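What follows is one structure encoded as structure tokens, with my remarks underneath.
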Amino acid sequence: MTDAATGAVSGADGLLRCGWGDSADDYRVYHDTEWGRPVHGDDALFERVALEAFQSGLSWITILRRREGFRAAFAGFEIARVAEFDEADAERLLQDPGIIRNRAKIAATIANAKVARELDGGLDALIWQFAVDPDARPAPRTLAEVPAVTPESTALAKELKKQGFRFVGPTTAYALMQACGLVNDHLIDCHAR
């Protein structure tokens with residue numbers, strides 16, 4: 001049941017969630033245990049950058065349901081290992097039914113690992129400098145109040161591109177920021193807020 005005043009949805013367990021967070025079991029688990037919680041560590045953030053890039057043009061649930069396949073195919077998203085992938089690895093990945101077999105996204109993930117490996121200060125420091133002060137804006141009451149792009153996500157995308165990253169536009173950067181806790185876009189009445 002949706003609460004018209006907040007946009008939050010009451011789940012079968014009685015907890016209020018962001019509307020999308022109760023639409024499927026996979027979403028419920030992701031929403032309740034991961035989305036919006038701070039993620040640190042270069043490899044952990046590299047995984048999120050890669051998955052957000054693969055999600056471009058697709059539903060997030062498609063990525064969630066293949067996440068373990070992605071982890072297996074991309075060596076647990078260990079930057080040092082993925083940065084060593086070569087053309088034979090790219091061809092192997094194009095045949096892997098456990099992932100999204102998109103040549104451009106596979107190439108971007110390998111190239112992004114090479115860039116991440118060489119970053120001064122690491123990926124964690126680069127990404128987290130764009131975190132939004134939690135007091136800088138009010139908690140959204142409805143999903144309509146949640147932006148798709150912000151000045152911070154535009155700046156993050158610009159910096160990532162400047163460093164050499166691919167598939168990192170402002171919308172993808174904002175989804176990354178939301179997923180990794182750089183901004184808290186759980187609705188005001190969501191139990192996970």
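Convention: chains lettered A, B, ... in structure tokens order; per-chain residue numbering from 1; ligands numbered from 1 as shown.
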DSSP on the backbone, then: every residue of region 79-162 of chain A marked alpha helix (DSSP H), written as a ChimeraX atom specification. /A:79-82,87-94,103-118,122-128,151-162
Would you kindly return, as a PyMOL selection string, each protein, DNA or RNA residue with an atom no farther than 9 Å from any atom of His31 (chain A), considering only C-alpha atoms and excluding same-chain residues fewer than 6 positions away? chain A and resi 17-18+20-22+192
Show me, as a tab-separated table, the residues of region 17-81 of chain A having an atom within 8 Å of region 161-180 of chain A, each with the closest atom pair and its distance in Å, using only C-alpha atoms.
```
residue	atom	partner	partner_atom	distance
A:Glu34	CA	A:Ala179	CA	7.5
A:Trp35	CA	A:Ala179	CA	4.6
A:Gly36	CA	A:Ala179	CA	4.8
A:Arg37	CA	A:Cys180	CA	5.8
A:Pro38	CA	A:Cys180	CA	5.1
A:Val39	CA	A:Cys180	CA	4.9
A:Leu45	CA	A:Cys180	CA	7.8
A:Arg48	CA	A:Leu176	CA	6.7
A:Val49	CA	A:Leu176	CA	6.6
A:Glu52	CA	A:Thr172	CA	6.2
A:Ala53	CA	A:Phe167	CA	5.4
A:Ser56	CA	A:Thr172	CA	7.3
```
Just want the 10 Å neighbourhood of Arg92 (chain A), counted on only C-alpha atoms, with same-chain residues fewer than 4 positions away dropped. Output as a PDB file with N, CA and C atoms, in the first residue's frame.
```pdb
ATOM      1  N   ALA A  73      32.914 -13.449 -13.631  1.00  0.00           N
ATOM      2  CA  ALA A  73      33.522 -13.122 -14.925  1.00  0.00           C
ATOM      3  C   ALA A  73      34.614 -12.066 -14.814  1.00  0.00           C
ATOM      4  N   ASP A  86      43.070  -9.062 -21.250  1.00  0.00           N
ATOM      5  CA  ASP A  86      43.492  -8.755 -22.618  1.00  0.00           C
ATOM      6  C   ASP A  86      42.355  -9.062 -23.590  1.00  0.00           C
ATOM      7  N   GLU A  87      42.670  -9.061 -24.876  1.00  0.00           N
ATOM      8  CA  GLU A  87      41.647  -9.297 -25.899  1.00  0.00           C
ATOM      9  C   GLU A  87      41.029 -10.686 -25.768  1.00  0.00           C
ATOM     10  N   ALA A  88      41.820 -11.673 -25.384  1.00  0.00           N
ATOM     11  CA  ALA A  88      41.276 -13.020 -25.191  1.00  0.00           C
ATOM     12  C   ALA A  88      40.248 -13.026 -24.058  1.00  0.00           C
ATOM     13  N   ASP A  96      30.093 -15.190 -22.311  1.00  0.00           N
ATOM     14  CA  ASP A  96      29.644 -15.562 -20.964  1.00  0.00           C
ATOM     15  C   ASP A  96      28.164 -15.231 -20.773  1.00  0.00           C
ATOM     16  N   ARG A 101      26.349  -9.242 -22.363  1.00  0.00           N
ATOM     17  CA  ARG A 101      27.430  -9.397 -23.360  1.00  0.00           C
ATOM     18  C   ARG A 101      27.402  -8.234 -24.350  1.00  0.00           C
TER      19      ARG A 101
END
```
Surrounding residues of Ala131 (chain A) excluding itself and chain neighbours under 3 positions, 8 Å, only C-alpha atoms, as a list of chain:residue names: A:Ile127, A:Trp128, A:Glu152, A:Met177, A:Leu182, A:Val183
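Take CA of Leu160 (chain A) and CA of Trp60 (chain A): the distance between them is 21.6 Å.
Residue nearest Ala111 (chain A), chosen from A:Tyr27, A:Phe70, A:Phe130, A:Phe46 and counting only C-alpha atoms: A:Phe46.
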Please list as a PyMOL selection string every residue within 7 Å of region 117-125 of chain A, counting only C-alpha atoms and excluding residues in the same chain fewer than 4 positions away. chain A and resi 40-42+45+79-80+113+129
Find, counting only C-alpha atoms, the residue in A:Ile100, A:Ala136, A:Val9, A:Leu93 that gets nearest to Gly57 (chain A). A:Ile100
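Atom pair CA of Leu16 (chain A) / CA of Leu64 (chain A): separated by 21.7 Å.
Going from CA of Pro134 (chain A) to CA of Phe77 (chain A) covers 29.0 Å.
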